[in-house]
>>> print(open('protein-v1.csv').read())   # CSV, C-alpha atoms
chain,number,residue,atom,x,y,z
H,10,MET,CA,-29.7,-8.1,-46.8
H,11,LYS,CA,-26.5,-9.4,-45.4
H,12,PRO,CA,-26.7,-13.1,-44.6
H,13,VAL,CA,-26.6,-14.1,-41.0
H,14,PRO,CA,-24.3,-16.9,-40.1
H,15,ALA,CA,-26.0,-19.9,-38.8
H,16,PHE,CA,-23.8,-20.0,-35.7
H,17,THR,CA,-21.2,-17.6,-34.4
H,18,VAL,CA,-18.9,-18.3,-31.5
H,19,PRO,CA,-18.2,-15.1,-29.5
H,20,SER,CA,-14.6,-14.2,-29.4
H,21,HIS,CA,-14.4,-14.4,-25.6
H,22,THR,CA,-15.9,-17.9,-25.7
H,23,ARG,CA,-13.2,-18.9,-28.2
H,24,ARG,CA,-10.6,-17.5,-25.9
H,25,SER,CA,-12.0,-19.2,-22.9
H,26,ALA,CA,-12.1,-22.4,-24.7
H,27,LEU,CA,-8.5,-21.9,-25.8
H,28,LEU,CA,-7.4,-21.1,-22.3
H,29,ALA,CA,-9.2,-24.1,-21.0
H,30,GLY,CA,-7.3,-26.1,-23.5
H,31,LEU,CA,-4.0,-24.6,-22.4
H,32,ALA,CA,-4.9,-25.2,-18.8
H,33,LEU,CA,-5.7,-28.8,-19.6
H,34,LEU,CA,-2.4,-29.2,-21.2
H,35,ALA,CA,-0.7,-27.6,-18.3
H,36,SER,CA,-2.6,-29.8,-15.9
H,37,LEU,CA,-1.6,-32.9,-17.8
H,38,SER,CA,2.0,-31.8,-17.9
H,39,THR,CA,2.5,-31.1,-14.3
H,40,PRO,CA,4.4,-33.7,-12.2
H,41,VAL,CA,3.5,-32.0,-9.0
H,42,THR,CA,-0.1,-33.1,-9.6
H,43,HIS,CA,0.4,-36.5,-11.0
H,44,GLY,CA,3.8,-37.5,-9.8
H,45,GLN,CA,4.9,-38.7,-13.2
H,46,GLY,CA,7.9,-37.9,-15.5
H,47,THR,CA,8.6,-34.5,-16.9
H,48,PRO,CA,5.9,-33.8,-19.5
H,49,PRO,CA,6.2,-31.7,-22.7
H,50,VAL,CA,6.1,-28.0,-22.3
H,51,GLN,CA,3.4,-25.9,-23.9
H,52,PRO,CA,4.8,-24.7,-27.3
H,53,LEU,CA,5.3,-20.9,-27.4
H,54,PRO,CA,6.0,-18.4,-30.2
H,55,SER,CA,9.6,-18.5,-31.4
H,56,LYS,CA,10.1,-14.8,-31.2
H,57,LYS,CA,10.4,-13.6,-27.6
H,58,PRO,CA,8.8,-10.3,-26.8
H,59,ASP,CA,11.1,-7.4,-25.8
H,60,THR,CA,11.4,-6.8,-22.1
H,61,ASP,CA,12.2,-3.7,-20.0
H,62,ALA,CA,13.2,-5.2,-16.6
H,63,LYS,CA,12.7,-8.1,-14.3
H,64,VAL,CA,10.7,-8.1,-11.1
H,65,TRP,CA,10.3,-10.4,-8.2
H,66,GLY,CA,6.9,-10.6,-6.6
H,67,ALA,CA,6.2,-12.5,-3.4
H,68,LEU,CA,3.2,-13.4,-1.2
H,69,VAL,CA,4.0,-13.3,2.4
H,70,PHE,CA,2.0,-14.5,5.4
H,71,ALA,CA,2.5,-12.5,8.5
H,72,SER,CA,1.2,-13.9,11.8
H,73,ASN,CA,1.6,-13.9,15.5
H,74,ASP,CA,0.3,-17.5,15.8
H,75,PRO,CA,3.2,-20.0,15.7
H,76,LYS,CA,0.9,-22.9,14.7
H,77,GLU,CA,-0.6,-21.0,11.7
H,78,ALA,CA,2.9,-19.9,10.7
H,79,ALA,CA,4.3,-23.4,11.0
H,80,SER,CA,1.4,-24.9,8.9
H,81,MET,CA,2.1,-22.7,5.9
H,82,PRO,CA,4.3,-24.2,3.1
H,83,LYS,CA,7.2,-21.9,2.4
H,84,VAL,CA,9.3,-21.3,-0.6
H,85,ASP,CA,13.1,-20.8,-0.7
H,86,VAL,CA,13.8,-17.1,-1.3
H,87,PRO,CA,16.7,-16.3,-3.6
H,88,PRO,CA,19.7,-14.9,-1.7
H,89,GLU,CA,19.3,-11.4,-3.2
H,90,PHE,CA,15.9,-11.1,-1.6
H,91,ALA,CA,16.6,-12.9,1.6
H,92,ASP,CA,16.5,-9.7,3.7
H,93,ILE,CA,12.9,-8.9,2.6
H,94,PRO,CA,11.1,-10.8,5.6
H,95,ALA,CA,13.2,-8.9,8.1
H,96,ARG,CA,12.5,-5.6,6.4
H,97,LEU,CA,8.8,-6.4,6.3
H,98,GLY,CA,9.0,-7.0,10.1
H,99,LYS,CA,10.0,-3.4,10.5
H,100,VAL,CA,6.8,-2.2,9.0
H,101,PHE,CA,4.3,-4.9,9.9
H,102,PRO,CA,4.7,-5.9,13.6
H,103,TYR,CA,4.2,-9.7,13.4
H,104,LYS,CA,6.3,-12.3,15.0
H,105,HIS,CA,6.3,-14.7,12.0
H,106,ILE,CA,6.8,-13.5,8.5
H,107,ASP,CA,7.1,-16.2,5.8
H,108,VAL,CA,7.3,-16.1,2.1
H,109,ILE,CA,4.7,-18.6,0.9
H,110,GLY,CA,4.8,-17.8,-2.8
H,111,GLN,CA,7.1,-16.1,-5.3
H,112,HIS,CA,7.3,-15.2,-9.0
H,113,LEU,CA,10.3,-13.9,-10.9
H,114,GLN,CA,8.9,-12.3,-14.0
H,115,ASP,CA,10.2,-10.3,-17.0
H,116,VAL,CA,8.4,-7.0,-17.6
H,117,PHE,CA,7.3,-7.0,-21.2
H,118,ARG,CA,7.7,-3.8,-23.1
H,119,GLU,CA,4.6,-4.2,-25.3
H,120,TYR,CA,2.5,-6.6,-23.3
H,121,GLU,CA,1.1,-6.7,-19.9
H,122,SER,CA,3.0,-8.8,-17.4
H,123,TRP,CA,1.5,-10.8,-14.5
H,124,VAL,CA,3.2,-11.4,-11.2
H,125,VAL,CA,1.3,-14.4,-9.7
H,126,PRO,CA,2.9,-15.8,-6.5
H,127,THR,CA,-0.5,-17.3,-5.7
H,128,LYS,CA,-3.8,-17.7,-7.5
H,129,ASP,CA,-5.6,-15.6,-4.9
H,130,LEU,CA,-3.6,-12.4,-5.0
H,131,PHE,CA,-1.6,-11.2,-7.9
H,132,LEU,CA,-0.4,-8.2,-9.8
H,133,LYS,CA,-0.7,-6.9,-13.3
H,134,VAL,CA,2.3,-4.9,-14.4
H,135,ASP,CA,2.4,-2.6,-17.4
H,136,SER,CA,5.7,-1.1,-18.3
H,137,LYS,CA,5.7,2.7,-19.0
H,138,GLY,CA,9.4,2.7,-19.7
H,139,PRO,CA,12.6,3.5,-17.7
H,140,ALA,CA,12.4,6.4,-15.3
H,141,LYS,CA,14.7,9.3,-15.9
H,142,GLU,CA,16.8,8.8,-12.8
H,143,GLY,CA,16.8,5.0,-12.7
H,144,GLY,CA,14.2,2.5,-12.0
H,145,MET,CA,11.0,1.7,-14.0
H,146,ASN,CA,7.8,3.6,-14.5
H,147,LEU,CA,5.1,1.0,-14.0
H,148,HIS,CA,1.3,0.9,-13.9
H,149,LEU,CA,0.3,-1.7,-11.3
H,150,GLN,CA,-3.0,-3.4,-10.6
H,151,PHE,CA,-3.4,-5.4,-7.5
H,152,TRP,CA,-6.0,-8.1,-7.9
H,153,ARG,CA,-7.8,-10.4,-5.6
H,154,ASP,CA,-9.5,-13.1,-7.7
H,155,GLN,CA,-11.5,-11.1,-10.2
H,156,GLN,CA,-11.6,-7.9,-8.2
H,157,VAL,CA,-9.1,-5.1,-8.6
H,158,ILE,CA,-8.2,-3.8,-5.2
H,159,VAL,CA,-6.0,-0.9,-6.2
H,160,LYS,CA,-4.5,0.6,-9.3
H,161,THR,CA,-1.4,2.7,-9.0
H,162,ASP,CA,1.3,4.4,-11.0
H,163,ALA,CA,4.8,4.1,-9.5
H,164,VAL,CA,8.5,4.4,-10.1
H,165,LEU,CA,9.9,1.2,-8.9
H,166,LYS,CA,13.6,1.3,-7.9
H,167,ALA,CA,15.8,-1.6,-7.2
H,168,GLU,CA,17.0,-0.3,-3.9
H,169,THR,CA,13.4,0.1,-2.5
H,170,PRO,CA,10.9,-2.7,-2.6
H,171,LEU,CA,7.2,-1.9,-2.6
H,172,PHE,CA,5.2,-3.5,0.2
H,173,ILE,CA,1.5,-3.8,-0.2
H,174,ALA,CA,-0.6,-4.6,2.8
H,175,GLY,CA,-3.1,-7.2,1.8
H,176,PRO,CA,-6.2,-8.6,3.5
H,177,LYS,CA,-6.2,-10.1,7.0
H,178,TRP,CA,-6.3,-13.9,7.0
H,179,ARG,CA,-6.4,-16.5,9.8
H,180,GLY,CA,-5.5,-14.0,12.5
H,181,GLY,CA,-2.6,-12.7,10.4
H,182,GLN,CA,-2.2,-10.7,7.3
H,183,LEU,CA,-1.2,-11.4,3.7
H,184,LEU,CA,1.4,-9.1,2.3
H,185,PHE,CA,2.6,-8.6,-1.3
H,186,VAL,CA,6.1,-7.6,-2.2
H,187,LEU,CA,7.4,-6.3,-5.5
H,188,VAL,CA,11.1,-5.7,-6.1
H,189,LEU,CA,12.8,-4.5,-9.2
H,190,GLN,CA,15.7,-6.8,-9.8
H,191,LYS,CA,19.1,-5.1,-9.8
H,192,GLY,CA,20.7,-4.8,-13.2
H,193,SER,CA,17.6,-5.9,-15.0
B,22,MET,CA,-10.5,43.8,22.1
B,23,LYS,CA,-8.4,43.1,25.2
B,24,THR,CA,-4.8,44.0,25.6
B,25,PRO,CA,-2.2,41.2,25.7
B,26,PRO,CA,-1.7,41.3,29.5
B,27,GLU,CA,-5.5,40.7,29.9
B,28,ASP,CA,-5.3,37.8,27.4
B,29,HIS,CA,-2.3,36.3,29.3
B,30,ASP,CA,-4.1,36.5,32.7
B,31,LEU,CA,-7.2,34.9,31.2
B,32,LEU,CA,-5.1,32.0,29.8
B,33,ARG,CA,-3.3,31.5,33.1
B,34,TRP,CA,-6.6,31.6,34.9
B,35,LEU,CA,-8.0,29.0,32.5
B,36,ASP,CA,-5.0,26.8,32.9
B,37,GLY,CA,-5.1,27.0,36.7
B,38,GLU,CA,-1.6,28.6,36.8
B,39,MET,CA,-2.5,31.5,39.1
B,40,SER,CA,-1.7,31.7,42.8
B,41,ALA,CA,-4.5,32.0,45.2
B,42,ALA,CA,-4.0,35.8,45.5
B,43,GLU,CA,-3.8,36.2,41.7
B,44,ARG,CA,-6.9,34.2,41.3
B,45,GLU,CA,-8.8,36.2,43.9
B,46,ARG,CA,-7.8,39.4,42.1
B,47,PHE,CA,-8.8,38.0,38.7
B,48,ASP,CA,-12.1,36.8,40.0
B,49,ALA,CA,-12.8,40.3,41.2
B,50,ARG,CA,-12.0,41.6,37.7
B,51,LEU,CA,-14.4,39.0,36.2
B,52,ALA,CA,-17.1,40.2,38.5
B,53,ALA,CA,-16.6,43.8,37.4
B,54,ASP,CA,-16.2,43.1,33.7
B,55,PRO,CA,-19.2,41.3,32.1
B,56,ALA,CA,-17.5,41.1,28.7
B,57,LEU,CA,-14.4,39.4,30.3
B,58,LYS,CA,-16.6,37.1,32.3
B,59,ALA,CA,-18.6,36.1,29.2
B,60,GLU,CA,-15.3,35.4,27.3
B,61,ALA,CA,-13.9,33.4,30.2
B,62,ASP,CA,-17.2,31.3,30.4
B,63,MET,CA,-17.1,30.7,26.7
B,64,MET,CA,-13.5,29.5,26.8
B,65,GLN,CA,-14.1,27.3,29.7
B,66,ARG,CA,-17.0,25.6,27.9
B,67,LEU,CA,-14.9,25.3,24.8
B,68,SER,CA,-12.1,23.8,26.8
B,69,ALA,CA,-14.4,21.3,28.5
B,70,ASP,CA,-16.0,20.3,25.2
B,71,LEU,CA,-12.6,19.6,23.6
B,72,ARG,CA,-11.5,17.6,26.6
B,73,THR,CA,-14.7,15.6,26.3
B,74,HIS,CA,-14.4,14.8,22.6
B,75,LEU,CA,-10.6,14.4,22.3
B,76,PRO,CA,-8.8,11.6,23.9
B,77,ALA,CA,-5.9,12.5,26.1
B,78,GLU,CA,-3.6,10.5,23.9
B,79,MET,CA,-4.2,10.0,20.2
B,80,PRO,CA,-2.4,7.1,18.6
B,81,VAL,CA,-0.7,8.1,15.4
B,82,PRO,CA,-1.3,5.6,12.6
B,83,TYR,CA,1.7,4.7,10.5
B,84,GLY,CA,4.2,6.7,12.4
B,85,ASP,CA,6.8,6.4,9.7
B,86,PHE,CA,4.4,8.0,7.2
B,87,PHE,CA,3.6,11.0,9.4
B,88,ASN,CA,7.2,11.4,10.4
B,89,SER,CA,8.4,11.5,6.9
B,90,GLN,CA,5.6,13.9,5.9
B,91,ILE,CA,6.4,16.3,8.8
B,92,GLN,CA,10.1,16.1,8.2
B,93,ARG,CA,9.6,16.9,4.6
B,94,ARG,CA,7.3,19.8,5.4
B,95,LEU,CA,9.8,21.2,7.9
B,96,ALA,CA,12.6,20.9,5.3
B,97,GLN,CA,10.5,22.7,2.7
B,98,GLU,CA,9.7,25.5,5.1
B,99,GLU,CA,13.4,25.9,6.0
B,100,ASP,CA,14.2,26.1,2.3
B,101,GLN,CA,11.6,28.8,1.9
B,102,ALA,CA,13.8,31.0,4.0
B,103,PRO,CA,12.0,34.0,5.4
B,104,VAL,CA,11.9,34.0,9.1
B,105,ARG,CA,8.4,34.2,10.3
B,106,VAL,CA,7.5,36.7,13.0
B,107,PRO,CA,4.7,35.6,15.3
B,108,ALA,CA,1.5,37.5,14.6
B,109,SER,CA,1.0,38.5,18.2
B,110,ALA,CA,1.9,37.5,21.7
B,111,GLY,CA,-1.8,36.7,22.2
B,112,TRP,CA,-1.7,34.1,19.4
B,113,LEU,CA,1.4,32.5,20.8
B,114,SER,CA,-0.3,32.3,24.2
B,115,TRP,CA,-3.3,30.7,22.5
B,116,LEU,CA,-1.1,28.0,21.1
B,117,ARG,CA,0.4,27.4,24.5
B,118,LEU,CA,-2.9,26.3,25.8
B,119,GLN,CA,-2.5,22.7,26.9
B,120,TRP,CA,-6.0,21.8,25.7
B,121,LEU,CA,-5.2,23.1,22.3
B,122,ALA,CA,-2.1,20.8,21.8
B,123,PRO,CA,-4.1,17.9,20.4
B,124,VAL,CA,-5.8,20.2,18.0
B,125,GLY,CA,-2.4,21.6,16.9
B,126,LEU,CA,-1.1,18.1,16.4
B,127,ALA,CA,-4.2,17.2,14.4
B,128,ALA,CA,-3.8,20.3,12.2
B,129,VAL,CA,-0.2,19.3,11.4
B,130,LEU,CA,-1.2,15.8,10.6
B,131,ILE,CA,-4.1,17.0,8.4
B,132,ALA,CA,-1.8,19.4,6.6
B,133,ALA,CA,0.6,16.5,6.0
B,134,GLY,CA,-2.3,14.3,4.8
B,135,LEU,CA,-3.6,17.0,2.5
B,136,THR,CA,-0.1,17.4,1.0
B,137,THR,CA,-0.1,13.7,0.4
B,138,LEU,CA,-3.5,13.7,-1.3
B,139,LYS,CA,-2.5,16.6,-3.5
B,140,GLN,CA,0.5,14.7,-4.6
B,141,GLY,CA,-1.5,11.5,-4.9
B,142,GLY,CA,1.4,9.6,-3.4
B,143,ILE,CA,4.1,9.6,-0.9
B,144,GLY,CA,6.2,12.5,0.2
B,145,ILE,CA,9.4,11.3,-1.3
B,146,PRO,CA,11.0,13.6,-3.8
B,147,GLU,CA,10.8,12.2,-7.2
B,148,GLY,CA,14.1,11.4,-8.7
B,149,GLY,CA,15.6,10.1,-5.4
B,150,SER,CA,16.7,6.5,-4.9
B,151,ASP,CA,13.4,5.4,-3.4
B,152,THR,CA,10.4,3.8,-5.1
B,153,TYR,CA,7.8,6.5,-5.6
B,154,VAL,CA,4.1,6.2,-5.9
B,155,HIS,CA,2.5,8.8,-8.2
B,156,SER,CA,-1.1,8.0,-7.9
B,157,ILE,CA,-3.5,5.6,-6.3
B,158,TYR,CA,-7.0,4.6,-7.3
B,159,VAL,CA,-9.1,2.3,-5.2
B,160,PRO,CA,-12.4,1.3,-6.8
B,161,ASN,CA,-14.0,0.1,-3.6
B,162,THR,CA,-14.8,3.2,-1.6
B,163,ALA,CA,-14.8,1.2,1.6
B,164,VAL,CA,-11.0,0.8,1.2
B,165,HIS,CA,-8.7,3.6,2.1
B,166,ALA,CA,-5.2,3.6,0.5
B,167,SER,CA,-2.2,5.5,1.7
B,168,THR,CA,1.5,5.2,1.1
B,169,TYR,CA,4.6,6.2,2.8
B,170,HIS,CA,8.3,5.5,2.9
B,171,SER,CA,9.7,3.5,5.8
B,172,THR,CA,13.3,4.5,6.5
B,173,ASP,CA,13.7,1.6,8.8
B,174,ALA,CA,12.7,-1.0,6.2
B,175,LYS,CA,14.1,1.0,3.3
B,176,ALA,CA,10.8,0.3,1.6
B,177,THR,CA,7.8,2.0,0.2
B,178,VAL,CA,4.6,0.9,1.8
B,179,LEU,CA,1.1,0.9,0.3
B,180,MET,CA,-1.4,0.5,3.1
B,181,LEU,CA,-4.9,-0.7,2.2
B,182,ASP,CA,-7.3,-0.2,5.2
B,183,GLY,CA,-10.8,-1.7,5.1
B,184,LEU,CA,-10.0,-4.7,2.9
B,185,GLU,CA,-12.4,-7.5,3.3
B,186,GLU,CA,-10.8,-10.3,5.3
B,187,MET,CA,-10.0,-13.6,3.5
B,188,PRO,CA,-12.2,-16.4,4.7
B,189,ALA,CA,-10.3,-18.5,7.2
B,190,ASP,CA,-11.4,-21.7,5.5
B,191,ARG,CA,-9.8,-20.6,2.2
B,192,LYS,CA,-6.6,-22.4,1.6
B,193,ILE,CA,-4.0,-20.2,0.1
B,194,VAL,CA,-1.0,-21.9,-1.4
B,195,GLY,CA,1.7,-20.0,-3.1
B,196,PHE,CA,3.4,-20.8,-6.4
B,197,ASN,CA,7.1,-20.9,-7.1
B,198,ILE,CA,7.3,-19.4,-10.5
B,199,THR,CA,10.6,-18.6,-12.2
B,200,ARG,CA,9.3,-17.2,-15.5
B,201,GLY,CA,6.3,-16.3,-17.5
B,202,GLU,CA,6.0,-16.3,-21.3
B,203,VAL,CA,3.4,-14.5,-23.2
B,204,ASP,CA,1.6,-16.0,-26.2
B,205,GLN,CA,1.2,-13.0,-28.4
B,206,ASP,CA,-1.6,-14.6,-30.5
B,207,VAL,CA,-4.0,-15.0,-27.6
B,208,ALA,CA,-2.5,-12.6,-25.1
B,209,ALA,CA,-2.2,-15.3,-22.6
B,210,THR,CA,0.8,-15.8,-20.3
B,211,THR,CA,2.0,-19.2,-19.3
B,212,LEU,CA,3.8,-19.4,-16.0
B,213,PHE,CA,6.5,-21.9,-15.4
B,214,ASP,CA,8.2,-23.3,-12.3
B,215,ALA,CA,12.0,-23.9,-11.9
B,216,GLU,CA,11.6,-27.4,-13.5
B,217,ASP,CA,10.0,-25.7,-16.5
B,218,ASN,CA,6.6,-27.2,-15.8
B,219,ALA,CA,3.6,-25.1,-16.7
B,220,VAL,CA,2.0,-24.1,-13.5
B,221,ALA,CA,-0.7,-21.7,-14.6
B,222,VAL,CA,-2.1,-19.8,-17.6
B,223,ILE,CA,-3.4,-16.2,-17.1
B,224,SER,CA,-5.3,-14.1,-19.6
B,225,LYS,CA,-8.2,-11.7,-19.6
B,226,ASP,CA,-11.8,-12.2,-20.4
B,227,ALA,CA,-14.1,-10.0,-22.4
B,228,ARG,CA,-14.6,-7.7,-19.4
B,229,SER,CA,-10.8,-7.3,-19.1
B,230,GLN,CA,-10.8,-9.3,-15.9
B,231,PRO,CA,-8.1,-11.8,-15.3
B,232,VAL,CA,-8.8,-15.5,-15.9
B,233,LEU,CA,-6.3,-17.7,-14.1
B,234,LEU,CA,-6.2,-21.4,-14.8
B,235,THR,CA,-3.9,-23.5,-12.7
B,236,SER,CA,-2.7,-27.0,-13.2
B,237,SER,CA,-3.1,-27.8,-9.5
B,238,PRO,CA,-6.2,-29.4,-8.3
B,239,ALA,CA,-8.8,-27.2,-6.7
B,240,ARG,CA,-7.8,-26.0,-3.3
>>> encode(input="protein-v1.csv", output="structure tokens")
Amino acid sequence: MKPVPAFTVPSHTRRSALLAGLALLASLSTPVTHGQGTPPVQPLPSKKPDTDAKVWGALVFASNDPKEAASMPKVDVPPEFADIPARLGKVFPYKHIDVIGQHLQDVFREYESWVVPTKDLFLKVDSKGPAKEGGMNLHLQFWRDQQVIVKTDAVLKAETPLFIAGPKWRGGQLLFVLVLQKGS
Amino acid sequence: MKTPPEDHDLLRWLDGEMSAAERERFDARLAADPALKAEADMMQRLSADLRTHLPAEMPVPYGDFFNSQIQRRLAQEEDQAPVRVPASAGWLSWLRLQWLAPVGLAAVLIAAGLTTLKQGGIGIPEGGSDTYVHSIYVPNTAVHASTYHSTDAKATVLMLDGLEEMPADRKIVGFNITRGEVDQDVAATTLFDAEDNAVAVISKDARSQPVLLTSSPAR
């Protein structure tokens, strides 16, 4: 009979413990939280994985309430995406449209990529290779916490952003934007 | 079966388009023709039922979506060339009925919607310059997803109707992340801000659900 180990740690527990450790390191190394000097950065593998493209994801709060809109911390949008709020306004009829989170991310060729402009709503991106006539074939999963809201296969082209209508919040609506960076 | 002129008179009578003299003559015909009278009564009831159940004006959700679908269908039909001859004058008259207009509109919209469902995505030709959604899957059956191209915004839009609202007391604060690097050994991605500070780590648990750990205090 095969001997049974006295104690076995399930793989997911080990991973959770490791992630908790990573998070702890991250927590200790973030001046935003602690207001101290620049801490050491988490060590990463020396070989960088191959990438297929680069995407910009943004979380947008759209509202008709000027007080709510004013109370939201905004981020500075890179110039190449500066027209996105105005374009959103042509689809979602709100008076105030503000980018409150953003994430510029490589799309890994062999690994899943995450676009996380906020911890509440984020996107998993799997590359399915370049599209025949330009753009990228992508599998996208739109997550809210630990619930997947929608899964979709799409060809993302640099000229046309993808707008995702998210949940309503505080009388307004959360919107998610995904853009393929030109030349990426 | 009635001849087209009879059909035409019946439709004009239903629509109230007859003059007093014409109406008097048609009423006499109805009195003399039980079959015509029965059909007239049936059409009057049908018309009244439709008016009761259909609003006078029906808002079109996502106008851009329907416009793009209808334009695409029209373009397709033009490409398919053969000139279509109306089946009969009676059918054309039928379509001219005012009360049938909402039904006709609904049929066009349903046809456009069915085309979309069949394609599983938007009605934009694949291979164009626009982002194209091939397929959509929504695990929560209470949520309805649809997608269309907005020509005004030059964007592809994924609508998700029926999403549960975010609690108003939930504080949502965005990140400002400039890059993410994957740790291949543990399949975790560390996300960094512009100052190269680690902001969050994301990976998946044993159920393949994302686990996101942030360096910020609980919000």
>>> closest_atom_pairs(input="protein-v1.csv", of="chain B", to="chain H", cutoff="7 Å", atoms="all atoms listed in the file", output="Markdown table")
| residue | atom | partner | partner_atom | distance |
| --- | --- | --- | --- | --- |
| B:Gly148 | CA | H:Glu142 | CA | 5.6 |
| B:Ser150 | CA | H:Lys166 | CA | 6.8 |
| B:Asp151 | CA | H:Thr169 | CA | 5.4 |
| B:Thr152 | CA | H:Leu165 | CA | 4.6 |
| B:Tyr153 | CA | H:Val164 | CA | 5.0 |
| B:Val154 | CA | H:Ala163 | CA | 4.2 |
| B:His155 | CA | H:Asp162 | CA | 5.4 |
| B:Ser156 | CA | H:Asp162 | CA | 5.3 |
| B:Ile157 | CA | H:Thr161 | CA | 4.5 |
| B:Tyr158 | CA | H:Lys160 | CA | 5.1 |
| B:Val159 | CA | H:Val159 | CA | 4.6 |
| B:Pro160 | CA | H:Val159 | CA | 6.8 |
| B:Asp173 | CA | H:Lys99 | CA | 6.4 |
| B:Ala174 | CA | H:Arg96 | CA | 4.6 |
| B:Lys175 | CA | H:Thr169 | CA | 5.9 |
| B:Ala176 | CA | H:Thr169 | CA | 4.9 |
| B:Thr177 | CA | H:Leu171 | CA | 4.8 |
| B:Val178 | CA | H:Phe172 | CA | 4.7 |
| B:Leu179 | CA | H:Ile173 | CA | 4.7 |
| B:Met180 | CA | H:Ala174 | CA | 5.2 |
| B:Leu181 | CA | H:Ala174 | CA | 5.8 |
| B:Leu184 | CA | H:Pro176 | CA | 5.5 |
| B:Glu185 | CA | H:Pro176 | CA | 6.3 |
| B:Glu186 | CA | H:Lys177 | CA | 4.9 |
| B:Met187 | CA | H:Trp178 | CA | 5.1 |
| B:Pro188 | CA | H:Trp178 | CA | 6.8 |
| B:Ala189 | CA | H:Arg179 | CA | 5.1 |
| B:Ile193 | CA | H:Asp129 | CA | 7.0 |
| B:Val194 | CA | H:Thr127 | CA | 6.3 |
| B:Gly195 | CA | H:Gly110 | CA | 3.8 |
| B:Phe196 | CA | H:Gly110 | CA | 4.9 |
| B:Asn197 | CA | H:Gln111 | CA | 5.1 |
| B:Ile198 | CA | H:His112 | CA | 4.5 |
| B:Thr199 | CA | H:Leu113 | CA | 4.9 |
| B:Arg200 | CA | H:Gln114 | CA | 5.1 |
| B:Gly201 | CA | H:Gln114 | CA | 5.9 |
| B:Asp204 | CA | H:Leu53 | CA | 6.3 |
| B:Asn218 | CA | H:Thr39 | CA | 5.9 |
| B:Ala219 | CA | H:Ala35 | CA | 5.2 |
| B:Val220 | CA | H:Ala35 | CA | 6.5 |
| B:Ala221 | CA | H:Ala32 | CA | 6.9 |
| B:Val222 | CA | H:Ala32 | CA | 6.2 |
| B:Asp226 | CA | H:His21 | CA | 6.2 |
| B:Ala227 | CA | H:His21 | CA | 5.4 |
| B:Gln230 | CA | H:Gln155 | CA | 6.0 |
| B:Pro231 | CA | H:Gln155 | CA | 6.2 |
| B:Leu234 | CA | H:Ala32 | CA | 5.7 |
| B:Thr235 | CA | H:Ala32 | CA | 6.4 |
| B:Ser236 | CA | H:Ser36 | CA | 3.9 |
| B:Ser237 | CA | H:Thr42 | CA | 6.1 |
>>> residues_around(input="protein-v1.csv", residues="range 45-49 of chain B", least_positions_apart="3", cutoff="10 Å", atoms="only C-alpha atoms", output="list in words")
Glu27, Asp30, Leu31, Trp34, Met39, Ser40, Ala41, Ala42, Ala52, Ala53, Asp54 and Lys58 of chain B
>>> atom_distance(input="protein-v1.csv", atom1="CA of Ser167 in chain B", atom2="CA of Lys104 in chain H")
23.8 Å
>>> atom_distance(input="protein-v1.csv", atom1="CA of Leu67 in chain B", atom2="CA of Arg44 in chain B")
20.4 Å
>>> atom_distance(input="protein-v1.csv", atom1="CA of Ala166 in chain B", atom2="CA of Ala78 in chain H")
26.9 Å
>>> closest_residue(input="protein-v1.csv", among="H:Arg118, H:Pro87, H:Thr60, H:His105", to="Asn73 in chain H", atoms="all atoms listed in the file")
H:His105
>>> decode(input="protein-v1.csv", residues="range 72-91 of chain H", atoms="C-alpha atoms", output="short mmCIF file (atom, residue, chain, number, x, y, z; two decimals), in the first residue's frame")
data_model
loop_
_atom_site.label_atom_id
_atom_site.label_comp_id
_atom_site.auth_asym_id
_atom_site.auth_seq_id
_atom_site.Cartn_x
_atom_site.Cartn_y
_atom_site.Cartn_z
CA SER H 72 -23.33 60.54 -14.61
CA ASN H 73 -25.78 63.40 -14.83
CA ASP H 74 -25.11 64.42 -11.25
CA PRO H 75 -22.42 67.12 -11.09
CA LYS H 76 -21.74 66.44 -7.40
CA GLU H 77 -21.14 62.74 -7.94
CA ALA H 78 -19.00 63.46 -10.98
CA ALA H 79 -16.92 66.03 -9.11
CA SER H 80 -16.36 63.68 -6.19
CA MET H 81 -14.71 60.98 -8.32
CA PRO H 82 -10.90 60.94 -8.50
CA LYS H 83 -9.88 61.05 -12.15
CA VAL H 84 -6.78 59.92 -13.97
CA ASP H 85 -4.88 61.74 -16.69
CA VAL H 86 -5.68 60.08 -19.98
CA PRO H 87 -2.80 59.73 -22.46
CA PRO H 88 -3.20 62.13 -25.42
CA GLU H 89 -3.79 59.32 -27.92
CA PHE H 90 -6.94 58.32 -26.01
CA ALA H 91 -8.09 61.81 -25.08
#
